[in-house]
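Colleague: Just passing along the structure, written as structure tokens.
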Amino acid sequence: MDSAQRSASRAITTAMLSSAAVTAQFVAGKATRDALYLTNLDITTLPVMLIITSAVSIALVFLSSKILPRVSPAIFVPLLFVASAVLLFAGWWTVLLAPHIGAPFIYLQVSGLGPMLGSGFWLIASERFDPRTAKRHFGQIAGAGTLGGLLGGLVAERVATVATIDAMLPVLAVLNLFCAWQVRALAPSPDQSPIRPPVEPSPELSAEAPLSGMRVLAQTPYLRNLAVLVLLGTISSALVDYLFKAQGVATFGRGDNLLRFFAIYYAATSLVTFVIQTSASRVALEKLGLAATTASPSFALFVGGIGALLSPGLAGMTAARAGEAVFRGSLFRSGYELFYTPVPIAEKRAAKSIIDVGFDRLGDAAGGMIIRLVLLLAPLSQHGAILSIAIACSSAALFVASLLSSGYIQTLERSLRNRASELELSDISDMTTRATMLRTLTMQRSADQTLYRPAALLPVPKPAVPGETTTVVSVEAGRNLGRALDVDLLQLMALRSREKERVLRVLRTDDGIPAALVPHVIPLLAWDPVAEEAVNALRRVAEEHVGELTDALIDPNQDFAIRRRLARVFSVCVSQRAVDGLLLGLDDQRFEVRFQCARALASVVEKNPRVRIDRNHIFDVVGRETAVGRPVWESHRLLHQLDDSDNRFFVDEFVKNRAGRSLAHVFTLLSLVLPPEPLQIAFKGLHTTHQNLRGTALEYLEGVLPPPIRDALWPYLEDQRRPGAGPTRDRDEIVADLLRSHESIMVNLRELSARDQAQRAKPEDTDSDTRRDTQTGPWQQA
């Protein structure tokens, strides 16, 4: 490992440790904040505190937006953690002297400053890593943060058990100092910060005027819908959170037990969030899409809220609150951040912090005002009224989320046309993004071909005419623009270029072709100069794309050359899905496709004997193969020379050349459902001149094959004996005799091979039978 790799590895480790520490202090801080406030103040004052905290947080966001352009985040964010630690020590001293003053102070500091600390950490991380590294490792970093939140909740619970609530404050202060140290270590040096290309802003925005966040939101409907989604989600979350805390106070009272309850709650939700984040986020993006994944917290609150209405109490409110919190920390986050990927960087920097923090805090403030109004207007039915409003807000959020899909697609298409997107097709997990990118790339195909046309082929500009304005397009400028394109886009254009060397460079990539290029590699199987490399490239990613390969294999409109070579790709697979696809390929009208499917099945079964293959189905296939009649049976040809590495039975070249393709195909099929070793030996024994060895092989086959298969196959074995009613000896005895004969069969075959080679050296002495076998051997090109 070189120094650059070691540095990157250390940075990733530091980022994971920082993420864990930042999340731990935030989760433990929330548990301490809630318990401390609700122990010293009445629950009815919480809505007002929410409004005040939101106002302070929004003010801090706008203040930081003014500071960050002038002060590096590498300095500002660690100082923010140090300031938080100092405030926690001051709050601890205040709580000891005047709890009724210290509790609101701690609530204001944790709720107002806490989100900025987390946002500052992710800002440092995004500047420390280039986009490719970020996409590969941000999932690990976020997972470490979730585990850190779990540990933070457990620490808060233990401190509450052995000490008092205020004892957590110095622990949180020390943890903030640790975060300042780690975040400073993570911050990039000037030469490590990735350089990003300039991006064309939205057509709705004037290019001359400087971008501001509120102006971007006002003129970009897509981001406006995203802000409304955040606002509605936060309002409903704040309403349910109030009811949850009120039920907690009513159940556990005030004091250390309340802190233990909140600590256990936050730790448990962190654990469940981690499990869902690591196991279901990618699946949700692939199956549900961005909009549904991002709407998952609103859906959970909608369902949980109805359940809490039907079953009031702590359990119902805990389920509703926890469901929303879990999905917000897992599925929502994974989908929500992707909505920003096609947004031009200038617009993103101007609007993202306002949406993420500003509208989030505005939702808290709106929730606080709604709670305050309900307490004034309907104090006796506050539970049902607040919960009903939360359900209504969740319903509205679901509707707004459904509107985001079309805006996302339009923004993504615009971003691709401007070459502004930093996406890599191999890293895209949701189908909406992938489909949109491929459709846009297709529209750009002609433009890309012009861009990458050699200079000698570019149109020669006409001589300047006096009085005319001439526009000169620099070829070098076009090349510079090409270098900024995403690697996957360049590879796609290379595959479409029909230039052999460019295509081969893509196909020979060690890391395997990206997922989005698979449908573009499949047609290359019909192009002979690159077909073999295309097979190898698809084999490296075959298991991940079995469904897509199967669709092409069984498509009767697909080129025959593609189907016959595509069947060979499956030979590296081990899954049941691959077996199911190959079984469908056995119904192809062309013999070579069926032949290659059977060989690939044998390869899969050899690597994974646990796959399921229906015995009767294979016998039906064999029955169809043997029912074609002798002229068709003997006329089968293979257009592709078989690889020795693919061979499963014919280990000797002489057997390959003598064995009929149809017979080899049938034995390959039979090996899928019958013991393969004696079947292979029997097949070799059929091609010896030693009568006893051949007789042993025929006797085994006579006993092991079902009567319909045996009767149909026997004429092609060119045996003078008619099959009897059954074997004359016990089957186990025949198998034992056949296995003992294996060495004799191999010796006989070697003798025949030497004799055959001597005959080939003298063409004039070669009989017509030998010439016929040589010309029609399965390893000869048609």
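Order determines the names: the first chain of the structure tokens is A, the second B, and so forth; residues in each chain are numbered 1 upward, and ligands are numbered 1 upward as they are shown.
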If we count only C-alpha atoms, what is near range 554-565 of chain A at a cut-off of 7 Å, once residues fewer than 6 positions away on the same chain are taken out, given as a PyMOL selection string?

Modeller: chain A and resi 523+525-526+584-585+592-593+596

Colleague: List every residue of range 491-535 of chain A that DSSP, applied to the backbone, labels as alpha helix (DSSP H), and write the result as a list of chain:residue names.

Modeller: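 So, restricting range 491-535 of chain A to alpha helix (DSSP H), we get A:Gln491, A:Leu492, A:Met493, A:Ala494, A:Leu495, A:Arg496, A:Lys500, A:Glu501, A:Arg502, A:Val503, A:Leu504, A:Arg505, A:Val506, A:Leu507, A:Val518, A:Pro519, A:His520, A:Val521, A:Asp528, A:Pro529, A:Val530, A:Ala531, A:Glu532, A:Glu533, A:Ala534, A:Val535.
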
Colleague: Would you output that residue set with C-alpha atoms, as a compact mmCIF listing (two decimals), in the first residue's frame?

Modeller:
```
# COMPACT_ATOMS: atom_id res chain seq x y z
CA GLN A 491 -16.81 4.28 -21.67
CA LEU A 492 -20.31 4.28 -23.13
CA MET A 493 -19.19 6.39 -26.06
CA ALA A 494 -16.20 4.09 -26.58
CA LEU A 495 -18.49 1.05 -26.75
CA ARG A 496 -20.61 2.79 -29.36
CA LYS A 500 -12.00 -2.10 -31.85
CA GLU A 501 -9.18 -0.83 -29.66
CA ARG A 502 -11.40 1.63 -27.77
CA VAL A 503 -14.00 -1.04 -27.19
CA LEU A 504 -11.43 -3.55 -25.97
CA ARG A 505 -10.00 -1.09 -23.45
CA VAL A 506 -13.41 -0.77 -21.84
CA LEU A 507 -14.11 -4.49 -21.89
CA VAL A 518 -24.21 -4.06 -19.38
CA PRO A 519 -27.05 -3.54 -21.91
CA HIS A 520 -24.54 -1.87 -24.24
CA VAL A 521 -22.02 -4.71 -23.99
CA ASP A 528 -16.66 -11.18 -33.86
CA PRO A 529 -13.51 -9.05 -33.30
CA VAL A 530 -14.54 -8.22 -29.71
CA ALA A 531 -17.03 -11.01 -28.92
CA GLU A 532 -14.64 -13.05 -26.77
CA GLU A 533 -13.68 -10.04 -24.66
CA ALA A 534 -17.36 -9.13 -24.35
CA VAL A 535 -18.06 -12.61 -22.98
```

Colleague: Got a sec: who's within 6 Å of range 53-65 of chain A, counting only C-alpha atoms, leaving out chain neighbours fewer than 4 positions off, as number ranges by chain?

Modeller: A: 49, 108, 112, 358, 361, 365

Colleague: Those residues you just picked out, can you put them in a file as a short mmCIF file (atom, residue, chain, number, x, y, z; two decimals), in the first residue's frame with N, CA and C atoms?

Modeller:
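This went into selection_7.cif:
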```cif
data_model
loop_
_atom_site.label_atom_id
_atom_site.label_comp_id
_atom_site.auth_asym_id
_atom_site.auth_seq_id
_atom_site.Cartn_x
_atom_site.Cartn_y
_atom_site.Cartn_z
N MET A 49 -40.72 27.02 23.89
CA MET A 49 -39.28 26.76 23.78
C MET A 49 -38.91 26.31 22.38
N LEU A 108 -31.74 25.16 24.70
CA LEU A 108 -31.47 26.08 23.60
C LEU A 108 -30.13 25.76 22.93
N GLY A 112 -30.36 24.28 19.30
CA GLY A 112 -29.99 25.32 18.36
C GLY A 112 -28.65 25.11 17.70
N GLY A 358 -32.85 25.58 7.90
CA GLY A 358 -33.80 26.67 8.04
C GLY A 358 -35.25 26.19 8.02
N ARG A 361 -36.05 23.97 11.05
CA ARG A 361 -36.33 24.72 12.27
C ARG A 361 -37.64 25.51 12.14
N ALA A 365 -40.81 25.48 14.67
CA ALA A 365 -41.50 26.67 15.18
C ALA A 365 -43.00 26.61 14.86
#
```

Colleague: When you look at Ala322 in chain A with a cut-off of 10 Å (counting only C-alpha atoms), what residues show up, excluding the ones that are within fewer than 2 positions of it in the same chain? I need them as a compact mmCIF listing (two decimals) with all heavy atoms, in the first residue's frame.

Modeller:
```
# COMPACT_ATOMS: atom_id res chain seq x y z
N VAL A 240 -45.98 15.14 17.04
CA VAL A 240 -45.96 13.81 17.66
C VAL A 240 -44.92 13.75 18.77
O VAL A 240 -45.12 13.08 19.80
CB VAL A 240 -45.71 12.72 16.59
CG1 VAL A 240 -45.54 11.36 17.22
CG2 VAL A 240 -46.86 12.69 15.59
N ASP A 241 -43.81 14.46 18.59
CA ASP A 241 -42.77 14.47 19.61
C ASP A 241 -43.29 15.07 20.91
O ASP A 241 -42.97 14.60 22.01
CB ASP A 241 -41.57 15.25 19.09
CG ASP A 241 -40.38 15.16 20.03
OD1 ASP A 241 -39.85 14.05 20.21
OD2 ASP A 241 -39.97 16.20 20.59
N PHE A 244 -45.50 12.52 22.59
CA PHE A 244 -44.67 11.44 23.12
C PHE A 244 -44.02 11.84 24.44
O PHE A 244 -44.02 11.07 25.43
CB PHE A 244 -43.61 11.08 22.06
CG PHE A 244 -42.47 10.26 22.58
CD1 PHE A 244 -42.64 8.94 22.99
CD2 PHE A 244 -41.20 10.82 22.66
CE1 PHE A 244 -41.57 8.20 23.46
CE2 PHE A 244 -40.13 10.08 23.14
CZ PHE A 244 -40.31 8.77 23.54
N TYR A 265 -34.84 4.95 24.85
CA TYR A 265 -35.58 5.20 23.61
C TYR A 265 -34.63 5.60 22.47
O TYR A 265 -34.68 5.05 21.37
CB TYR A 265 -36.63 6.30 23.84
CG TYR A 265 -37.15 6.90 22.56
CD1 TYR A 265 -38.09 6.22 21.78
CD2 TYR A 265 -36.68 8.14 22.12
CE1 TYR A 265 -38.56 6.77 20.60
CE2 TYR A 265 -37.15 8.69 20.93
CZ TYR A 265 -38.09 8.00 20.18
OH TYR A 265 -38.54 8.55 19.01
N TYR A 266 -33.74 6.58 22.73
CA TYR A 266 -32.84 7.04 21.68
C TYR A 266 -31.85 5.94 21.29
O TYR A 266 -31.48 5.82 20.11
CB TYR A 266 -32.09 8.29 22.14
CG TYR A 266 -32.94 9.54 22.14
CD1 TYR A 266 -33.15 10.28 23.30
CD2 TYR A 266 -33.56 9.97 20.97
CE1 TYR A 266 -33.94 11.42 23.30
CE2 TYR A 266 -34.36 11.12 20.96
CZ TYR A 266 -34.54 11.82 22.13
OH TYR A 266 -35.33 12.96 22.11
N ALA A 268 -32.41 2.66 21.42
CA ALA A 268 -33.15 1.64 20.66
C ALA A 268 -33.45 2.12 19.25
O ALA A 268 -33.29 1.36 18.27
CB ALA A 268 -34.45 1.29 21.39
N THR A 269 -33.87 3.37 19.09
CA THR A 269 -34.15 3.88 17.74
C THR A 269 -32.87 3.96 16.91
O THR A 269 -32.90 3.71 15.70
CB THR A 269 -34.81 5.26 17.81
OG1 THR A 269 -34.01 6.14 18.61
CG2 THR A 269 -36.20 5.17 18.39
N SER A 270 -31.75 4.27 17.55
CA SER A 270 -30.47 4.28 16.83
C SER A 270 -30.11 2.89 16.33
O SER A 270 -29.63 2.73 15.21
CB SER A 270 -29.36 4.83 17.72
OG SER A 270 -29.59 6.17 18.06
N VAL A 272 -32.22 0.32 15.67
CA VAL A 272 -33.12 -0.07 14.59
C VAL A 272 -32.80 0.72 13.32
O VAL A 272 -32.83 0.18 12.21
CB VAL A 272 -34.59 0.14 15.01
CG1 VAL A 272 -35.53 -0.22 13.86
CG2 VAL A 272 -34.92 -0.71 16.23
N THR A 273 -32.47 2.00 13.48
CA THR A 273 -32.09 2.81 12.33
C THR A 273 -30.87 2.23 11.64
O THR A 273 -30.81 2.15 10.40
CB THR A 273 -31.80 4.26 12.78
OG1 THR A 273 -32.98 4.81 13.35
CG2 THR A 273 -31.35 5.10 11.61
N PRO A 297 -40.85 8.33 6.21
CA PRO A 297 -41.18 8.80 7.57
C PRO A 297 -42.61 9.32 7.67
O PRO A 297 -43.29 9.07 8.67
CB PRO A 297 -40.17 9.93 7.81
CG PRO A 297 -39.06 9.69 6.85
CD PRO A 297 -39.70 9.07 5.66
N ALA A 300 -44.88 6.33 7.78
CA ALA A 300 -44.82 5.68 9.10
C ALA A 300 -45.59 6.47 10.14
O ALA A 300 -46.30 5.89 10.98
CB ALA A 300 -43.36 5.52 9.52
N LEU A 301 -45.48 7.80 10.09
CA LEU A 301 -46.21 8.61 11.06
C LEU A 301 -47.71 8.57 10.78
O LEU A 301 -48.52 8.57 11.71
CB LEU A 301 -45.70 10.05 11.01
CG LEU A 301 -46.06 10.94 12.20
CD1 LEU A 301 -44.97 11.98 12.42
CD2 LEU A 301 -47.38 11.65 11.97
N GLY A 304 -48.72 5.17 12.13
CA GLY A 304 -48.58 5.17 13.58
C GLY A 304 -49.53 6.13 14.26
O GLY A 304 -50.02 5.85 15.37
N GLY A 316 -48.63 3.43 22.25
CA GLY A 316 -49.03 3.90 20.93
C GLY A 316 -48.24 5.10 20.47
O GLY A 316 -47.81 5.18 19.31
N MET A 317 -47.98 6.06 21.36
CA MET A 317 -47.23 7.25 20.98
C MET A 317 -45.76 6.92 20.73
O MET A 317 -45.13 7.49 19.85
CB MET A 317 -47.35 8.32 22.08
CG MET A 317 -48.70 9.01 22.14
SD MET A 317 -49.27 9.59 20.52
CE MET A 317 -47.86 10.55 19.97
N THR A 318 -45.23 5.99 21.54
CA THR A 318 -43.84 5.58 21.32
C THR A 318 -43.67 4.93 19.96
O THR A 318 -42.70 5.19 19.24
CB THR A 318 -43.38 4.61 22.42
OG1 THR A 318 -43.51 5.26 23.70
CG2 THR A 318 -41.94 4.20 22.22
N ALA A 319 -44.62 4.09 19.57
CA ALA A 319 -44.54 3.43 18.26
C ALA A 319 -44.62 4.44 17.13
O ALA A 319 -43.86 4.38 16.15
CB ALA A 319 -45.66 2.40 18.13
N ALA A 320 -45.54 5.41 17.26
CA ALA A 320 -45.68 6.43 16.22
C ALA A 320 -44.43 7.29 16.11
O ALA A 320 -43.93 7.55 15.01
CB ALA A 320 -46.90 7.30 16.50
N GLU A 324 -41.47 7.11 12.91
CA GLU A 324 -41.07 8.28 12.13
C GLU A 324 -39.57 8.55 12.27
O GLU A 324 -38.88 8.82 11.27
CB GLU A 324 -41.87 9.49 12.60
CG GLU A 324 -41.80 10.70 11.68
CD GLU A 324 -40.59 11.57 11.93
OE1 GLU A 324 -39.98 11.45 13.02
OE2 GLU A 324 -40.24 12.37 11.04
N ALA A 325 -39.04 8.44 13.49
CA ALA A 325 -37.63 8.73 13.72
C ALA A 325 -36.73 7.72 13.03
O ALA A 325 -35.69 8.07 12.45
CB ALA A 325 -37.35 8.74 15.23
N VAL A 326 -37.10 6.46 13.07
CA VAL A 326 -36.28 5.41 12.46
C VAL A 326 -36.20 5.61 10.95
O VAL A 326 -35.11 5.57 10.34
CB VAL A 326 -36.84 4.01 12.82
CG1 VAL A 326 -36.25 2.95 11.91
CG2 VAL A 326 -36.55 3.69 14.27
N PHE A 327 -37.33 5.80 10.30
CA PHE A 327 -37.32 5.96 8.85
C PHE A 327 -36.70 7.29 8.43
O PHE A 327 -36.11 7.39 7.35
CB PHE A 327 -38.73 5.84 8.29
CG PHE A 327 -39.23 4.42 8.24
CD1 PHE A 327 -40.21 3.98 9.11
CD2 PHE A 327 -38.69 3.52 7.34
CE1 PHE A 327 -40.66 2.67 9.07
CE2 PHE A 327 -39.13 2.21 7.29
CZ PHE A 327 -40.12 1.78 8.16
N ARG A 328 -36.80 8.31 9.27
CA ARG A 328 -36.15 9.58 8.94
C ARG A 328 -34.64 9.44 9.00
O ARG A 328 -33.91 10.04 8.20
CB ARG A 328 -36.62 10.69 9.89
CG ARG A 328 -36.03 12.06 9.60
CD ARG A 328 -36.76 13.14 10.36
NE ARG A 328 -38.13 13.26 9.90
CZ ARG A 328 -38.51 13.96 8.84
NH1 ARG A 328 -37.61 14.63 8.12
NH2 ARG A 328 -39.78 14.02 8.49
```

Colleague: Check the smallest atom-to-atom distance from each of A:Ser84, A:Gln25, A:Ser497, A:Thr146 to Val275 in chain A using only C-alpha atoms, then report the winner.

Modeller: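 Among the listed residues, the smallest separation from Val275 in chain A belongs to A:Thr146.
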
Colleague: So which residues touch Ile618 in chain A within 12 Å, counting only C-alpha atoms, skipping near sequence neighbours fewer than 2 positions away, as a PyMOL selection string?

Modeller: chain A and resi 582-584+586-587+598+601+612-616+620-625+665-674+706+709

Colleague: Leaving out Leu398 in chain A and any residue of its chain fewer than 2 positions from it, which residues lie within 8 Å of it when counting only C-alpha atoms, given as a count of residues only?

Modeller: 9

Colleague: Tell me, as a PyMOL selection string, which residues lie within 12 Å of Leu151 in chain A, counting only C-alpha atoms; anything in the same chain fewer than 6 positions away does not count.

Modeller: chain A and resi 20-28+144-145+157-158+263-264+266-271

Colleague: Go ahead and dump the residues you just picked, all heavy atoms, as a short mmCIF file (atom, residue, chain, number, x, y, z; two decimals), in the first residue's frame.

Modeller:
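selection.cif, written as the output of this step:
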```cif
data_model
loop_
_atom_site.label_atom_id
_atom_site.label_comp_id
_atom_site.auth_asym_id
_atom_site.auth_seq_id
_atom_site.Cartn_x
_atom_site.Cartn_y
_atom_site.Cartn_z
N ALA A 20 -19.03 8.89 14.51
CA ALA A 20 -19.54 8.21 15.71
C ALA A 20 -19.57 9.17 16.90
O ALA A 20 -20.55 9.21 17.66
CB ALA A 20 -18.68 7.00 16.02
N ALA A 21 -18.52 9.96 17.07
CA ALA A 21 -18.47 10.89 18.21
C ALA A 21 -19.50 12.01 18.08
O ALA A 21 -20.18 12.37 19.05
CB ALA A 21 -17.06 11.48 18.32
N VAL A 22 -19.64 12.57 16.88
CA VAL A 22 -20.60 13.66 16.67
C VAL A 22 -22.02 13.18 16.94
O VAL A 22 -22.82 13.85 17.61
CB VAL A 22 -20.46 14.22 15.24
CG1 VAL A 22 -21.61 15.18 14.92
CG2 VAL A 22 -19.13 14.94 15.07
N THR A 23 -22.37 12.01 16.41
CA THR A 23 -23.72 11.49 16.62
C THR A 23 -23.94 11.08 18.07
O THR A 23 -25.03 11.26 18.62
CB THR A 23 -23.98 10.29 15.69
OG1 THR A 23 -23.59 10.63 14.36
CG2 THR A 23 -25.45 9.92 15.69
N ALA A 24 -22.90 10.54 18.70
CA ALA A 24 -23.04 10.14 20.11
C ALA A 24 -23.33 11.35 20.99
O ALA A 24 -24.22 11.30 21.86
CB ALA A 24 -21.77 9.43 20.58
N GLN A 25 -22.60 12.44 20.79
CA GLN A 25 -22.85 13.63 21.62
C GLN A 25 -24.22 14.22 21.34
O GLN A 25 -24.87 14.76 22.23
CB GLN A 25 -21.73 14.66 21.43
CG GLN A 25 -21.61 15.27 20.04
CD GLN A 25 -22.51 16.47 19.83
OE1 GLN A 25 -22.90 17.14 20.77
NE2 GLN A 25 -22.87 16.73 18.57
N PHE A 26 -24.70 14.10 20.09
CA PHE A 26 -26.01 14.68 19.77
C PHE A 26 -27.14 13.85 20.38
O PHE A 26 -28.08 14.40 20.97
CB PHE A 26 -26.16 14.77 18.25
CG PHE A 26 -27.41 15.49 17.82
CD1 PHE A 26 -27.64 16.80 18.20
CD2 PHE A 26 -28.36 14.86 17.05
CE1 PHE A 26 -28.79 17.48 17.81
CE2 PHE A 26 -29.51 15.52 16.65
CZ PHE A 26 -29.72 16.84 17.04
N VAL A 27 -27.05 12.51 20.27
CA VAL A 27 -28.10 11.64 20.83
C VAL A 27 -28.11 11.73 22.35
O VAL A 27 -29.17 11.89 22.98
CB VAL A 27 -27.89 10.19 20.37
CG1 VAL A 27 -28.82 9.24 21.12
CG2 VAL A 27 -28.13 10.08 18.87
N ALA A 28 -26.92 11.64 22.98
CA ALA A 28 -26.86 11.76 24.43
C ALA A 28 -27.30 13.16 24.88
O ALA A 28 -27.96 13.32 25.92
CB ALA A 28 -25.44 11.48 24.93
N ALA A 144 -21.20 4.25 10.97
CA ALA A 144 -20.45 4.47 12.20
C ALA A 144 -21.14 5.52 13.07
O ALA A 144 -21.17 5.41 14.30
CB ALA A 144 -19.02 4.91 11.87
N GLY A 145 -21.72 6.54 12.43
CA GLY A 145 -22.45 7.55 13.19
C GLY A 145 -23.67 6.98 13.89
O GLY A 145 -23.97 7.33 15.04
N GLU A 157 -27.95 6.49 29.59
CA GLU A 157 -28.75 5.62 30.48
C GLU A 157 -27.93 5.18 31.68
O GLU A 157 -28.42 5.17 32.82
CB GLU A 157 -29.26 4.42 29.68
CG GLU A 157 -30.31 3.58 30.40
CD GLU A 157 -29.69 2.55 31.34
OE1 GLU A 157 -28.53 2.15 31.07
OE2 GLU A 157 -30.35 2.16 32.32
N ARG A 158 -26.66 4.82 31.47
CA ARG A 158 -25.81 4.37 32.58
C ARG A 158 -25.52 5.50 33.56
O ARG A 158 -25.52 5.30 34.78
CB ARG A 158 -24.50 3.81 32.04
CG ARG A 158 -24.60 2.45 31.38
CD ARG A 158 -24.96 1.35 32.39
NE ARG A 158 -26.40 1.22 32.57
CZ ARG A 158 -26.97 0.60 33.58
NH1 ARG A 158 -26.22 0.07 34.55
NH2 ARG A 158 -28.28 0.51 33.68
N ALA A 263 -33.08 7.89 27.31
CA ALA A 263 -31.81 7.30 26.87
C ALA A 263 -32.05 5.96 26.20
O ALA A 263 -31.47 5.66 25.14
CB ALA A 263 -30.86 7.15 28.06
N ILE A 264 -32.89 5.12 26.83
CA ILE A 264 -33.20 3.82 26.23
C ILE A 264 -33.92 4.00 24.90
O ILE A 264 -33.64 3.29 23.92
CB ILE A 264 -34.04 2.97 27.21
CG1 ILE A 264 -33.20 2.61 28.45
CG2 ILE A 264 -34.56 1.71 26.53
CD1 ILE A 264 -33.99 1.93 29.55
N TYR A 266 -33.74 6.58 22.73
CA TYR A 266 -32.84 7.04 21.68
C TYR A 266 -31.85 5.94 21.29
O TYR A 266 -31.48 5.82 20.11
CB TYR A 266 -32.09 8.29 22.14
CG TYR A 266 -32.94 9.54 22.14
CD1 TYR A 266 -33.15 10.28 23.30
CD2 TYR A 266 -33.56 9.97 20.97
CE1 TYR A 266 -33.94 11.42 23.30
CE2 TYR A 266 -34.36 11.12 20.96
CZ TYR A 266 -34.54 11.82 22.13
OH TYR A 266 -35.33 12.96 22.11
N ALA A 267 -31.39 5.15 22.25
CA ALA A 267 -30.48 4.06 21.91
C ALA A 267 -31.17 3.00 21.05
O ALA A 267 -30.61 2.50 20.07
CB ALA A 267 -29.93 3.42 23.20
N ALA A 268 -32.41 2.66 21.42
CA ALA A 268 -33.15 1.64 20.66
C ALA A 268 -33.45 2.12 19.25
O ALA A 268 -33.29 1.36 18.27
CB ALA A 268 -34.45 1.29 21.39
N THR A 269 -33.87 3.37 19.09
CA THR A 269 -34.15 3.88 17.74
C THR A 269 -32.87 3.96 16.91
O THR A 269 -32.90 3.71 15.70
CB THR A 269 -34.81 5.26 17.81
OG1 THR A 269 -34.01 6.14 18.61
CG2 THR A 269 -36.20 5.17 18.39
N SER A 270 -31.75 4.27 17.55
CA SER A 270 -30.47 4.28 16.83
C SER A 270 -30.11 2.89 16.33
O SER A 270 -29.63 2.73 15.21
CB SER A 270 -29.36 4.83 17.72
OG SER A 270 -29.59 6.17 18.06
N LEU A 271 -30.36 1.88 17.16
CA LEU A 271 -30.05 0.52 16.76
C LEU A 271 -30.91 0.07 15.58
O LEU A 271 -30.42 -0.47 14.58
CB LEU A 271 -30.25 -0.43 17.95
CG LEU A 271 -30.04 -1.93 17.66
CD1 LEU A 271 -28.61 -2.18 17.20
CD2 LEU A 271 -30.36 -2.75 18.90
#
```

Colleague: CA of Glu127 in chain A and CA of Pro344 in chain A, how far apart in Å?

Modeller: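 Here the two named atoms are 16.5 Å from each other.
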
Colleague: Please, what distance in Å, to one decimal, runs between CA of Glu543 in chain A and CA of Ala515 in chain A?

Modeller: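 Going from CA of Glu543 in chain A over to CA of Ala515 in chain A, I get 11.5 Å.
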
Colleague: With only C-alpha atoms as the atoms that count, which of A:Leu663, A:Leu46, A:Leu80, A:Leu123 lies nearest to Tyr107 in chain A?

Modeller: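 Closest candidate: A:Leu46.
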
Colleague: For a quick check of understanding, using only C-alpha atoms, which of A:Leu331, A:Leu223, A:Leu259, A:Cys597 has the smallest distance to Ser281 in chain A?

Modeller: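 Selected residue with least distance to Ser281 in chain A: A:Leu331.
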
Colleague: Grab the CA of Phe81 in chain A to CA of Leu172 in chain A distance for me, in Å with one decimal place.

Modeller: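 For CA of Phe81 in chain A relative to CA of Leu172 in chain A, the distance reads 10.9 Å.
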